[in-house]
Each structure stands twice: as C-alpha cells, then as structure tokens.
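Next comes input26.cif, a file with mmCIF, C-alpha atoms (C1' of nucleotides).
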```cif
data_model
#
loop_
_atom_site.group_PDB
_atom_site.id
_atom_site.type_symbol
_atom_site.label_atom_id
_atom_site.label_comp_id
_atom_site.auth_asym_id
_atom_site.auth_seq_id
_atom_site.Cartn_x
_atom_site.Cartn_y
_atom_site.Cartn_z
ATOM 1 C CA MET A 21 -8.910 11.520 -10.531
ATOM 2 C CA PRO A 22 -9.426 7.944 -11.535
ATOM 3 C CA GLU A 23 -11.237 6.088 -8.784
ATOM 4 C CA LEU A 24 -12.949 2.712 -8.963
ATOM 5 C CA PRO A 25 -15.608 3.608 -11.583
ATOM 6 C CA GLU A 26 -13.079 5.350 -13.828
ATOM 7 C CA VAL A 27 -10.574 2.507 -13.599
ATOM 8 C CA GLU A 28 -13.340 -0.035 -14.173
ATOM 9 C CA SER A 29 -14.371 1.880 -17.301
ATOM 10 C CA VAL A 30 -10.791 1.947 -18.557
ATOM 11 C CA VAL A 31 -10.412 -1.773 -17.915
ATOM 12 C CA ARG A 32 -13.602 -2.581 -19.803
ATOM 13 C CA GLY A 33 -12.322 -0.583 -22.727
ATOM 14 C CA LEU A 34 -8.949 -2.333 -22.686
ATOM 15 C CA ARG A 35 -10.132 -5.935 -22.582
ATOM 16 C CA SER A 36 -11.210 -6.389 -26.150
ATOM 17 C CA PRO A 37 -8.337 -4.589 -27.881
ATOM 18 C CA LEU A 38 -5.633 -6.067 -25.637
ATOM 19 C CA SER A 39 -6.557 -9.669 -24.992
ATOM 20 C CA GLY A 40 -4.552 -12.164 -26.991
ATOM 21 C CA LYS A 41 -2.045 -9.544 -28.081
ATOM 22 C CA THR A 42 1.690 -10.186 -27.789
ATOM 23 C CA VAL A 43 4.014 -7.532 -26.394
ATOM 24 C CA LYS A 44 6.496 -6.501 -29.086
ATOM 25 C CA SER A 45 8.293 -3.929 -26.976
ATOM 26 C CA ALA A 46 7.836 -2.251 -23.628
ATOM 27 C CA LYS A 47 9.324 1.147 -22.921
ATOM 28 C CA LEU A 48 9.027 3.155 -19.747
ATOM 29 C CA SER A 49 10.745 6.470 -20.348
ATOM 30 C CA ALA A 50 10.211 7.872 -16.848
ATOM 31 C CA PRO A 51 12.021 5.501 -14.468
ATOM 32 C CA ASP A 52 10.592 7.281 -11.433
ATOM 33 C CA LEU A 53 7.228 5.816 -12.402
ATOM 34 C CA TYR A 54 8.412 2.391 -11.270
ATOM 35 C CA ARG A 55 6.893 1.470 -7.988
ATOM 36 C CA THR A 56 9.427 0.175 -5.459
ATOM 37 C CA GLY A 57 10.211 -3.501 -5.983
ATOM 38 C CA SER A 58 9.201 -3.642 -9.631
ATOM 39 C CA ARG A 59 11.064 -5.735 -12.152
ATOM 40 C CA PRO A 60 12.112 -3.858 -15.302
ATOM 41 C CA PHE A 61 9.381 -3.135 -17.817
ATOM 42 C CA PRO A 62 11.100 -4.787 -20.820
ATOM 43 C CA VAL A 63 10.831 -8.280 -19.279
ATOM 44 C CA LEU A 64 7.271 -8.207 -20.619
ATOM 45 C CA LYS A 65 8.528 -8.460 -24.191
ATOM 46 C CA GLY A 66 7.276 -11.516 -26.058
ATOM 47 C CA ARG A 67 4.494 -12.258 -23.602
ATOM 48 C CA LYS A 68 0.863 -12.685 -24.604
ATOM 49 C CA ILE A 69 -1.858 -10.815 -22.716
ATOM 50 C CA ALA A 70 -4.482 -13.084 -21.173
ATOM 51 C CA THR A 71 -6.665 -10.907 -18.947
ATOM 52 C CA VAL A 72 -7.070 -7.282 -17.850
ATOM 53 C CA GLU A 73 -8.699 -6.747 -14.469
ATOM 54 C CA ARG A 74 -9.277 -3.922 -12.030
ATOM 55 C CA PHE A 75 -7.567 -4.277 -8.664
ATOM 56 C CA GLY A 76 -8.781 -1.523 -6.359
ATOM 57 C CA LYS A 77 -7.895 1.619 -8.276
ATOM 58 C CA ALA A 78 -5.119 -0.199 -10.105
ATOM 59 C CA ILE A 79 -5.133 -2.235 -13.319
ATOM 60 C CA ARG A 80 -3.787 -5.752 -13.381
ATOM 61 C CA VAL A 81 -2.634 -7.427 -16.593
ATOM 62 C CA ASP A 82 -2.037 -11.188 -16.569
ATOM 63 C CA PHE A 83 -0.209 -13.074 -19.287
ATOM 64 C CA GLU A 84 -0.889 -16.481 -20.803
ATOM 65 C CA SER A 85 2.444 -17.899 -19.764
ATOM 66 C CA GLY A 86 1.728 -17.075 -16.117
ATOM 67 C CA GLY A 87 4.579 -15.616 -14.088
ATOM 68 C CA ASP A 88 4.875 -11.898 -13.493
ATOM 69 C CA VAL A 89 1.877 -9.618 -13.840
ATOM 70 C CA LEU A 90 1.823 -5.966 -14.849
ATOM 71 C CA VAL A 91 0.137 -3.484 -12.533
ATOM 72 C CA ILE A 92 -0.605 0.055 -13.655
ATOM 73 C CA HIS A 93 -1.925 2.781 -11.363
ATOM 74 C CA LEU A 94 -3.205 5.964 -12.994
ATOM 75 C CA GLY A 95 -2.527 8.211 -10.011
ATOM 76 C CA MET A 96 -4.409 11.448 -10.514
ATOM 77 C CA THR A 97 -3.887 12.392 -14.111
ATOM 78 C CA GLY A 98 -2.872 9.144 -15.792
ATOM 79 C CA ASN A 99 -4.455 8.152 -19.098
ATOM 80 C CA LEU A 100 -4.101 4.717 -20.675
ATOM 81 C CA ILE A 101 -5.047 4.992 -24.312
ATOM 82 C CA VAL A 102 -5.186 2.329 -27.004
ATOM 83 C CA GLU A 103 -3.746 3.811 -30.170
ATOM 84 C CA LYS A 104 -3.323 2.635 -33.732
ATOM 85 C CA LYS A 105 0.125 2.736 -35.237
ATOM 86 C CA ASN A 106 -0.252 6.093 -36.985
ATOM 87 C CA SER A 107 -2.161 7.832 -34.242
ATOM 88 C CA ARG A 108 -2.412 11.605 -34.376
ATOM 89 C CA ASN A 109 -1.604 11.726 -30.683
ATOM 90 C CA SER A 110 2.092 11.481 -31.463
ATOM 91 C CA GLY A 111 2.814 15.052 -30.439
ATOM 92 C CA ARG A 112 0.995 14.850 -27.130
ATOM 93 C CA LYS A 113 2.942 15.792 -24.028
ATOM 94 C CA HIS A 114 3.634 13.670 -20.952
ATOM 95 C CA ARG A 115 3.863 10.363 -22.764
ATOM 96 C CA HIS A 116 5.749 8.160 -20.321
ATOM 97 C CA ALA A 117 5.212 4.554 -21.378
ATOM 98 C CA VAL A 118 4.465 2.664 -24.566
ATOM 99 C CA LEU A 119 3.557 -0.997 -24.810
ATOM 100 C CA SER A 120 3.743 -1.957 -28.480
ATOM 101 C CA LEU A 121 1.589 -4.942 -29.375
ATOM 102 C CA ASP A 122 1.116 -7.007 -32.500
ATOM 103 C CA GLY A 123 -1.576 -5.923 -34.919
ATOM 104 C CA GLY A 124 -0.273 -2.357 -34.989
ATOM 105 C CA ILE A 125 -1.756 -1.517 -31.584
ATOM 106 C CA ARG A 126 -0.077 0.455 -28.834
ATOM 107 C CA LEU A 127 -1.037 0.948 -25.254
ATOM 108 C CA VAL A 128 0.205 4.420 -24.375
ATOM 109 C CA TYR A 129 0.427 5.998 -20.940
ATOM 110 C CA TYR A 130 0.149 9.761 -20.457
ATOM 111 C CA ASP A 131 0.430 11.379 -17.051
ATOM 112 C CA ALA A 132 0.947 15.101 -16.545
ATOM 113 C CA ARG A 133 1.460 14.971 -12.793
ATOM 114 C CA ARG A 134 3.191 11.606 -12.691
ATOM 115 C CA PHE A 135 1.481 10.312 -9.581
ATOM 116 C CA GLY A 136 0.822 6.979 -11.240
ATOM 117 C CA TYR A 137 3.049 3.915 -11.125
ATOM 118 C CA PHE A 138 4.044 0.753 -12.952
ATOM 119 C CA TRP A 139 4.894 -2.471 -11.220
ATOM 120 C CA VAL A 140 5.963 -5.819 -12.651
ATOM 121 C CA GLY A 141 6.148 -8.771 -10.297
ATOM 122 C CA PRO A 142 4.548 -11.957 -8.969
ATOM 123 C CA GLY A 143 0.753 -12.036 -9.132
ATOM 124 C CA GLU A 144 0.338 -13.911 -5.871
ATOM 125 C CA ASP A 145 -0.830 -11.934 -2.845
ATOM 126 C CA LEU A 146 -0.929 -8.748 -4.849
ATOM 127 C CA GLY A 147 -2.907 -6.986 -2.125
ATOM 128 C CA GLY A 148 -0.164 -7.674 0.386
ATOM 129 C CA ARG A 149 2.607 -6.650 -1.971
ATOM 130 C CA LEU A 150 0.944 -3.390 -2.998
ATOM 131 C CA ASN A 151 -0.862 -2.603 0.236
ATOM 132 C CA ILE A 152 -4.302 -2.764 -1.350
ATOM 133 C CA GLY A 153 -7.302 -4.006 0.603
ATOM 134 C CA PRO A 154 -10.631 -5.417 -0.639
ATOM 135 C CA ASP A 155 -12.849 -3.162 -2.724
ATOM 136 C CA PRO A 156 -16.442 -2.246 -1.750
ATOM 137 C CA PHE A 157 -17.895 -5.041 -3.882
ATOM 138 C CA GLN A 158 -15.632 -7.655 -2.322
ATOM 139 C CA ILE A 159 -15.749 -6.704 1.336
ATOM 140 C CA ARG A 160 -18.478 -8.277 3.428
ATOM 141 C CA LEU A 161 -20.543 -6.364 5.941
ATOM 142 C CA PRO A 162 -18.986 -7.834 9.114
ATOM 143 C CA GLU A 163 -15.540 -7.112 7.744
ATOM 144 C CA PHE A 164 -16.547 -3.556 6.873
ATOM 145 C CA ARG A 165 -18.007 -3.016 10.332
ATOM 146 C CA GLU A 166 -14.874 -4.420 11.934
ATOM 147 C CA MET A 167 -12.811 -1.995 9.887
ATOM 148 C CA LEU A 168 -14.556 1.008 11.457
ATOM 149 C CA MET A 169 -15.009 -0.219 15.008
ATOM 150 C CA GLY A 170 -12.740 1.355 17.554
ATOM 151 C CA ARG A 171 -11.405 3.888 15.058
ATOM 152 C CA THR A 172 -11.197 7.503 16.040
ATOM 153 C CA ALA A 173 -10.143 8.874 12.656
ATOM 154 C CA PRO A 174 -12.824 10.637 10.591
ATOM 155 C CA ILE A 175 -14.927 8.244 8.530
ATOM 156 C CA LYS A 176 -13.782 10.077 5.437
ATOM 157 C CA SER A 177 -10.105 9.369 6.149
ATOM 158 C CA LEU A 178 -10.827 5.710 6.829
ATOM 159 C CA LEU A 179 -12.749 5.289 3.581
ATOM 160 C CA LEU A 180 -9.869 6.891 1.673
ATOM 161 C CA ASN A 181 -7.341 4.462 3.164
ATOM 162 C CA GLN A 182 -6.641 1.986 0.355
ATOM 163 C CA LYS A 183 -5.157 -0.580 2.693
ATOM 164 C CA LEU A 184 -8.474 -0.805 4.538
ATOM 165 C CA LEU A 185 -10.819 -0.438 1.582
ATOM 166 C CA SER A 186 -9.679 0.069 -1.993
ATOM 167 C CA GLY A 187 -11.308 1.926 -4.839
ATOM 168 C CA LEU A 188 -12.747 5.044 -3.248
ATOM 169 C CA GLY A 189 -11.171 8.449 -3.777
ATOM 170 C CA ASN A 190 -12.203 11.940 -2.870
ATOM 171 C CA ILE A 191 -15.202 12.192 -5.202
ATOM 172 C CA TYR A 192 -16.957 8.966 -4.327
ATOM 173 C CA VAL A 193 -16.270 9.169 -0.601
ATOM 174 C CA ASP A 194 -18.000 12.544 -0.478
ATOM 175 C CA GLU A 195 -20.885 11.276 -2.592
ATOM 176 C CA SER A 196 -21.300 8.104 -0.526
ATOM 177 C CA LEU A 197 -21.288 9.925 2.813
ATOM 178 C CA PHE A 198 -23.866 12.375 1.497
ATOM 179 C CA ARG A 199 -26.166 9.567 0.398
ATOM 180 C CA ALA A 200 -25.741 7.825 3.744
ATOM 181 C CA GLY A 201 -26.405 11.054 5.662
ATOM 182 C CA ILE A 202 -23.128 10.829 7.561
ATOM 183 C CA HIS A 203 -20.990 13.881 8.378
ATOM 184 C CA PRO A 204 -17.488 13.280 6.940
ATOM 185 C CA ALA A 205 -15.809 14.175 10.265
ATOM 186 C CA THR A 206 -17.716 11.485 12.172
ATOM 187 C CA PRO A 207 -15.245 9.195 13.982
ATOM 188 C CA GLY A 208 -15.182 5.717 12.481
ATOM 189 C CA ARG A 209 -16.481 4.091 15.639
ATOM 190 C CA SER A 210 -19.464 6.440 15.732
ATOM 191 C CA ALA A 211 -20.348 5.643 12.132
ATOM 192 C CA ALA A 212 -20.146 1.917 12.765
ATOM 193 C CA ALA A 213 -23.853 1.751 13.607
ATOM 194 C CA LYS A 214 -24.733 2.868 10.098
ATOM 195 C CA THR A 215 -22.410 0.504 8.271
ATOM 196 C CA ARG A 216 -25.106 -1.469 6.484
ATOM 197 C CA ASP A 217 -26.596 1.579 4.816
ATOM 198 C CA LEU A 218 -23.192 3.150 4.199
ATOM 199 C CA LEU A 219 -21.880 0.119 2.358
ATOM 200 C CA ARG A 220 -25.100 -0.046 0.370
ATOM 201 C CA GLN A 221 -24.808 3.609 -0.638
ATOM 202 C CA ILE A 222 -21.152 3.215 -1.588
ATOM 203 C CA ARG A 223 -22.018 0.333 -3.883
ATOM 204 C CA THR A 224 -24.942 2.199 -5.419
ATOM 205 C CA VAL A 225 -22.875 5.297 -6.178
ATOM 206 C CA LEU A 226 -20.110 3.208 -7.705
ATOM 207 C CA ARG A 227 -22.508 1.174 -9.839
ATOM 208 C CA ASN A 228 -24.239 4.286 -11.120
ATOM 209 C CA ALA A 229 -20.916 5.920 -11.885
ATOM 210 C CA ILE A 230 -19.678 2.853 -13.765
ATOM 211 C CA ARG A 231 -22.845 2.967 -15.851
ATOM 212 C CA SER A 232 -21.990 6.570 -16.742
ATOM 213 C CA GLY A 233 -18.434 5.667 -17.707
ATOM 214 C CA GLY A 234 -17.021 7.462 -14.646
ATOM 215 C CA SER A 235 -16.610 11.178 -13.895
ATOM 216 C CA THR A 236 -14.472 13.380 -16.108
ATOM 217 C CA ILE A 237 -13.638 16.433 -14.019
ATOM 218 C CA ARG A 238 -10.555 17.283 -16.019
ATOM 219 C CA ASP A 239 -8.059 14.697 -17.138
ATOM 220 C CA TYR A 240 -9.763 11.345 -16.990
ATOM 221 C CA ARG A 241 -10.472 9.586 -20.285
ATOM 222 C CA ARG A 242 -11.599 6.095 -21.156
ATOM 223 C CA ALA A 243 -9.314 3.762 -23.094
ATOM 224 C CA ASP A 244 -10.751 5.032 -26.388
ATOM 225 C CA GLY A 245 -10.162 8.636 -25.340
ATOM 226 C CA SER A 246 -13.827 9.435 -24.554
ATOM 227 C CA ARG A 247 -15.125 11.164 -21.441
ATOM 228 C CA GLY A 248 -17.361 9.877 -18.657
ATOM 229 C CA SER A 249 -20.570 11.679 -17.721
ATOM 230 C CA PHE A 250 -21.130 11.044 -14.020
ATOM 231 C CA GLN A 251 -19.696 14.481 -13.191
ATOM 232 C CA ASN A 252 -23.128 15.793 -14.169
ATOM 233 C CA ARG A 253 -24.817 13.715 -11.496
ATOM 234 C CA LEU A 254 -22.609 14.517 -8.512
ATOM 235 C CA MET A 255 -24.637 15.772 -5.561
ATOM 236 C CA VAL A 256 -22.004 17.376 -3.321
ATOM 237 C CA TYR A 257 -18.539 17.004 -4.837
ATOM 238 C CA GLY A 258 -17.541 20.256 -6.527
ATOM 239 C CA ARG A 259 -20.871 21.878 -5.643
ATOM 240 C CA THR A 260 -19.609 24.220 -2.913
ATOM 241 C CA GLY A 261 -21.994 27.155 -2.450
ATOM 242 C CA GLN A 262 -24.742 25.554 -4.504
ATOM 243 C CA THR A 263 -27.973 24.287 -3.011
ATOM 244 C CA CYS A 264 -28.327 20.737 -1.771
ATOM 245 C CA VAL A 265 -30.301 18.612 -4.235
ATOM 246 C CA SER A 266 -32.173 17.082 -1.325
ATOM 247 C CA CYS A 267 -32.968 19.904 1.115
ATOM 248 C CA GLY A 268 -31.950 23.209 -0.445
ATOM 249 C CA GLU A 269 -29.295 23.996 2.173
ATOM 250 C CA VAL A 270 -25.971 25.343 0.879
ATOM 251 C CA VAL A 271 -23.295 22.735 0.211
ATOM 252 C CA GLN A 272 -20.152 23.427 2.252
ATOM 253 C CA ARG A 273 -16.498 22.698 1.733
ATOM 254 C CA ILE A 274 -14.059 21.975 4.538
ATOM 255 C CA VAL A 275 -10.590 20.448 4.620
ATOM 256 C CA LEU A 276 -10.390 17.060 6.279
ATOM 257 C CA GLY A 277 -7.261 14.948 6.339
ATOM 258 C CA GLY A 278 -5.793 17.397 3.863
ATOM 259 C CA ARG A 279 -8.582 16.786 1.363
ATOM 260 C CA GLY A 280 -11.224 19.136 0.089
ATOM 261 C CA THR A 281 -14.430 17.752 1.551
ATOM 262 C CA HIS A 282 -17.929 18.562 0.325
ATOM 263 C CA PHE A 283 -21.072 17.953 2.338
ATOM 264 C CA CYS A 284 -24.542 19.222 3.204
ATOM 265 C CA PRO A 285 -24.590 20.499 6.824
ATOM 266 C CA SER A 286 -28.283 19.774 7.056
ATOM 267 C CA CYS A 287 -28.446 16.273 5.560
ATOM 268 C CA GLN A 288 -25.171 15.182 7.180
ATOM 269 C CA ARG A 289 -25.386 16.146 10.818
ATOM 270 C CA GLY A 290 -23.570 15.181 13.982
ATOM 271 C CA SER A 291 -19.835 14.647 13.731
ATOM 272 C CA GLU A 292 -19.205 13.983 17.418
ATOM 273 C "C1'" DA B 22 -0.306 0.790 16.137
ATOM 274 C "C1'" DG B 23 -3.297 4.724 14.860
ATOM 275 C "C1'" DC B 24 -3.511 9.073 13.115
ATOM 276 C "C1'" DT B 25 -1.831 13.379 10.849
ATOM 277 C "C1'" DT B 26 1.080 16.034 7.990
ATOM 278 C "C1'" DC B 27 4.247 16.549 4.352
ATOM 279 C "C1'" DG B 28 6.128 16.159 -0.279
ATOM 280 C "C1'" DC B 29 6.055 14.632 -4.779
ATOM 281 C "C1'" DC B 30 4.426 16.804 -9.590
ATOM 282 C "C1'" DT B 31 2.443 20.111 -13.146
ATOM 283 C "C1'" DG B 32 -1.277 22.873 -15.071
ATOM 284 C "C1'" DC B 33 -5.049 25.634 -14.236
ATOM 285 C "C1'" DT B 34 -7.096 29.388 -11.370
ATOM 286 C "C1'" DT B 35 -6.831 33.296 -8.439
ATOM 287 C "C1'" DG B 36 -5.128 37.670 -6.822
ATOM 288 C "C1'" DC B 37 -2.259 41.607 -6.904
ATOM 289 C "C1'" DT C 12 -1.637 41.919 -19.052
ATOM 290 C "C1'" DG C 13 1.774 39.374 -16.476
ATOM 291 C "C1'" DC C 14 3.504 36.886 -12.969
ATOM 292 C "C1'" DA C 15 3.605 34.425 -8.571
ATOM 293 C "C1'" DA C 16 1.126 32.085 -5.272
ATOM 294 C "C1'" DG C 17 -2.524 28.877 -4.408
ATOM 295 C "C1'" DC C 18 -4.828 24.753 -5.334
ATOM 296 C "C1'" DA C 19 -5.938 20.013 -6.923
ATOM 297 C "C1'" DG C 20 -5.015 14.998 -4.778
ATOM 298 C "C1'" DG C 21 -3.208 9.381 -4.582
ATOM 299 C "C1'" DC C 22 -0.141 7.610 -1.783
ATOM 300 C "C1'" DG C 23 4.139 6.602 0.682
ATOM 301 C "C1'" DA C 24 7.206 8.371 4.175
ATOM 302 C "C1'" DA C 25 7.961 10.638 8.243
ATOM 303 C "C1'" DG C 26 6.536 12.465 12.598
ATOM 304 C "C1'" DC C 27 3.794 12.452 16.762
#
```

Can you dump the structure from the file as structure tokens?
Amino acid sequence: MPELPEVESVVRGLRSPLSGKTVKSAKLSAPDLYRTGSRPFPVLKGRKIATVERFGKAIRVDFESGGDVLVIHLGMTGNLIVEKKNSRNSGRKHRHAVLSLDGGIRLVYYDARRFGYFWVGPGEDLGGRLNIGPDPFQIRLPEFREMLMGRTAPIKSLLLNQKLLSGLGNIYVDESLFRAGIHPATPGRSAAAKTRDLLRQIRTVLRNAIRSGGSTIRDYRRADGSRGSFQNRLMVYGRTGQTCVSCGEVVQRIVLGGRGTHFCPSCQRGSE
DNA sequence: AGCTTCGCCTGCTTGC
DNA sequence: TGCAAGCAGGCGAAGC
C-alpha cells in the first residue's frame, strides 16, 4: 500500500537513473489504467526527462521541453521498477506499462490489482485536475485546523481524504492517531483542538518511515526492487490482539469508513 | 455540500 | 486436501 513514505522512497530511487533520459517508446498495455482525461501514453516518445517528484501519493515526471507531464499512481499493489535491458524479470506477471529509455534502461510498471493509474496532461494546477490536496509537509497549521473544523466525519476518514490532505493512507493514519492519542472515530471538529500535536505527529511518523524506506507489508518495493523496513516499527497497524507498546493494553481493530482501523483503547480515548 | 457505501481487481488467508 | 468465501484497500461514483 504505497503511501507518502513509500512513494517518496520510489521517487528518490528513480531520480538518478531517469533524469536526462530520453523516452524511446512508451507502451501501456492495460488501457483501463488510464485515468479519465489522460492523453495517450505514446505522446511521450522522444521527450527527455527533467525531474521526478512526488505529488501526494502520486509520482510526477516533468520533461525538459515542458508541456505535458506524466503522472503515475501506484494504487495498492503497483511497483515501478528500473530494469536493465536483459532483466530477469521478463517473465513476471502483471506487467502493464513499459517506458523504454536510452542507455538500455526501462521503467516497468507491475500491478497485480490494477488500482493504479497513468495520466498524461498539462502540469499546471495538477492538484485541481487530479483532485489532490496539499500534503502534510506543505499544509500550514491554520489550514489544517480549518480543514477539520465543523466536520462531523471521523478524523480517520478526513485524514484519508486525498482532496483535503494528500499522502496518508491506512497505515500512517492509524500510526499518526495513535501517536497523537486520538481515537480514530473522533469527529473532526472535536479533534480540532489537538491539531498542532496531530500535525506534528503525522510529520514525525512520515519522516521516520521515509528514513526506513517505507513499509513493505506485502507488495511494495523500491525502484531498485528492495524492501522498506518501517513495517517493523509500526505501533498499532497490523498489531491487532498484541499489547500496546506504550501501555500494555490490547490493540483493537474496528472497521471505520470501510477501512480496517487499529488503535489502543487506552491510549486513544474519547470518540464523542 | 458532507458523509457513507459500493465496486473495481486479484492473490492470499480462512473455514468448512 | 480442495474449494469457495472472506479479506485487503485507493479512489471515484453513486446514494442519502
């Protein structure tokens, strides 16, 4: 489940091998992976990659000639791997896109569940076009507070809403709320008083996770195919029935907004 | 408009 | 052991 730290790790691994490379061919073999409004993938042919940046949970590729940008979202099980020409991955399943570059390098996209997407289009106002809000490092405290004020939805649902705040997914929302001592079902407006600490905890968790190369629960891999290690440092996510690292209480799992939600009933009290 | 639920998709896990 | 149901979840669409 690539969230901000995983995507950031992928992006860091892509920069060096991709920058300055020219696109020789661009093939997207699963047309349903186009996000609505995208221009066709092959228009990228002949263009030279300038920069690779993270945009929320998505990846943005800009080209030297300006014009259209390429946006790739990994969905849940997407892998973007840099491969040499004669890679031994050739038999791997679920290969849906290949960007062939000069120097015998290929950027290959694998995605078993196909929840990811590709989008080619104008780079201006990308947030508006793709419905992606500021990420936790960009948003300022007053803006963050404003986002929660007057909201009745559970804080967890609000933090998962990419239009409001981009980058967080199920793992890091649960981890952030645990660290901030906030029950995931707390209405947004009730959590608004704790926004300063919450934003601080979100940033801390994300920074630590980036340092660990992200969390590899199952499918996630970095651009060189390696795994992250932050899964070993998770405090509530995936720890249902185990003891809380802080107080010894048993970590519980509930379903909130259709998502498996992990929390410590002792450290994260008071939902209403 | 805000909020919730559903469906997409496939592989692994669970239960009979 | 084998098979079907259950589960995982990012995100857009639909429904309330």

Could you give me, as a VMD selection string, the residues within 12 Å of Arg216 in chain A, counting all atoms listed in the file and dropping anything in the same chain fewer than 4 positions from it?
chain A and resid 156 159 to 166 168 200 211 to 212 220 to 223

Could you dump the residues just selected with C-alpha atoms as a PDB file, in the coordinates of the input?
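result.pdb written:
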```
ATOM      1  CA  PRO A 156     -16.442  -2.246  -1.750  1.00  0.00           C
ATOM      2  CA  ILE A 159     -15.749  -6.704   1.336  1.00  0.00           C
ATOM      3  CA  ARG A 160     -18.478  -8.277   3.428  1.00  0.00           C
ATOM      4  CA  LEU A 161     -20.543  -6.364   5.941  1.00  0.00           C
ATOM      5  CA  PRO A 162     -18.986  -7.834   9.114  1.00  0.00           C
ATOM      6  CA  GLU A 163     -15.540  -7.112   7.744  1.00  0.00           C
ATOM      7  CA  PHE A 164     -16.547  -3.556   6.873  1.00  0.00           C
ATOM      8  CA  ARG A 165     -18.007  -3.016  10.332  1.00  0.00           C
ATOM      9  CA  GLU A 166     -14.874  -4.420  11.934  1.00  0.00           C
ATOM     10  CA  LEU A 168     -14.556   1.008  11.457  1.00  0.00           C
ATOM     11  CA  ALA A 200     -25.741   7.825   3.744  1.00  0.00           C
ATOM     12  CA  ALA A 211     -20.348   5.643  12.132  1.00  0.00           C
ATOM     13  CA  ALA A 212     -20.146   1.917  12.765  1.00  0.00           C
ATOM     14  CA  ARG A 220     -25.100  -0.046   0.370  1.00  0.00           C
ATOM     15  CA  GLN A 221     -24.808   3.609  -0.638  1.00  0.00           C
ATOM     16  CA  ILE A 222     -21.152   3.215  -1.588  1.00  0.00           C
ATOM     17  CA  ARG A 223     -22.018   0.333  -3.883  1.00  0.00           C
TER      18      ARG A 223
END
```

Per residue of chain C within 12 Å of range 270-289 of chain A, record the nearest atom pair and its distance in Å to one decimal, counting only C-alpha atoms (C1' of nucleotides), with rows in chain order and ascending residue number, as a Markdown table.
```
| residue | atom | partner | partner_atom | distance |
| --- | --- | --- | --- | --- |
| C:DC18 | C1' | A:Gly280 | CA | 10.1 |
| C:DA19 | C1' | A:Gly280 | CA | 8.8 |
| C:DG20 | C1' | A:Arg279 | CA | 7.3 |
| C:DG21 | C1' | A:Arg279 | CA | 10.9 |
```

Once you have the residues from the selection above, write them out as a PDB file, in the coordinates of the input, restricted to C-alpha atoms (C1' of nucleotides).
```pdb
ATOM      1  C1'  DC C  18      -4.828  24.753  -5.334  1.00  0.00           C
ATOM      2  C1'  DA C  19      -5.938  20.013  -6.923  1.00  0.00           C
ATOM      3  C1'  DG C  20      -5.015  14.998  -4.778  1.00  0.00           C
ATOM      4  C1'  DG C  21      -3.208   9.381  -4.582  1.00  0.00           C
TER       5       DG C  21
END
```

What does the structure give for the distance between CA of Ser235 in chain A and CA of Ser49 in chain A, in Å to one decimal?
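Distance reported for this atom pair: 28.5 Å.
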
What does the distance from CA of Arg134 in chain A to CA of Thr97 in chain A come to in Å, to one decimal?
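A separation of 7.3 Å between them.
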
Resolved residues for the PyMOL selection byres ((chain A and resi 61-77) around 7) as a PyMOL selection string
chain A and resi 23-24+27-28+31+35+38-48+59-60+78-84+93+140+152+155+186-187

Would you mind listing, as a PyMOL selection string, all residues of chain A that have at least one atom within 8 Å of chain C, where only C-alpha atoms (C1' of nucleotides) are what counts?
chain A and resi 21+95-96+135+279

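The chain B residues that come within 8 Å of chain A are DC24, DT25, DC29, DC30 and DT31 of chain B, with all atoms listed in the file taken into account.
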
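Every protein, DNA or RNA residue with an atom at most 7 Å from Ala205 in chain A, where all atoms listed in the file count and chain neighbours fewer than 2 positions away do not, is listed here: Pro174, Ile175, Lys176, His203, Pro207 and Ser291 of chain A.
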
Among A:Tyr257, A:Trp139, A:Phe157, A:Tyr240, Gly98 in chain A is approached most closely, using all atoms listed in the file, by A:Tyr240

Given the PyMOL selection byres ((chain A and resi 153) around 7) and the file above, list the residues it selects as a ChimeraX atom specification.
/A:147,151-152,154-155,182-186

Provide the CA of Met169 in chain A to CA of Pro25 in chain A distance in Å, to one decimal place.
26.9 Å

Explicit residue set for the PyMOL selection byres ((chain A and resi 88) around 7), as number ranges by chain
A: 86-87, 89-90, 140-143
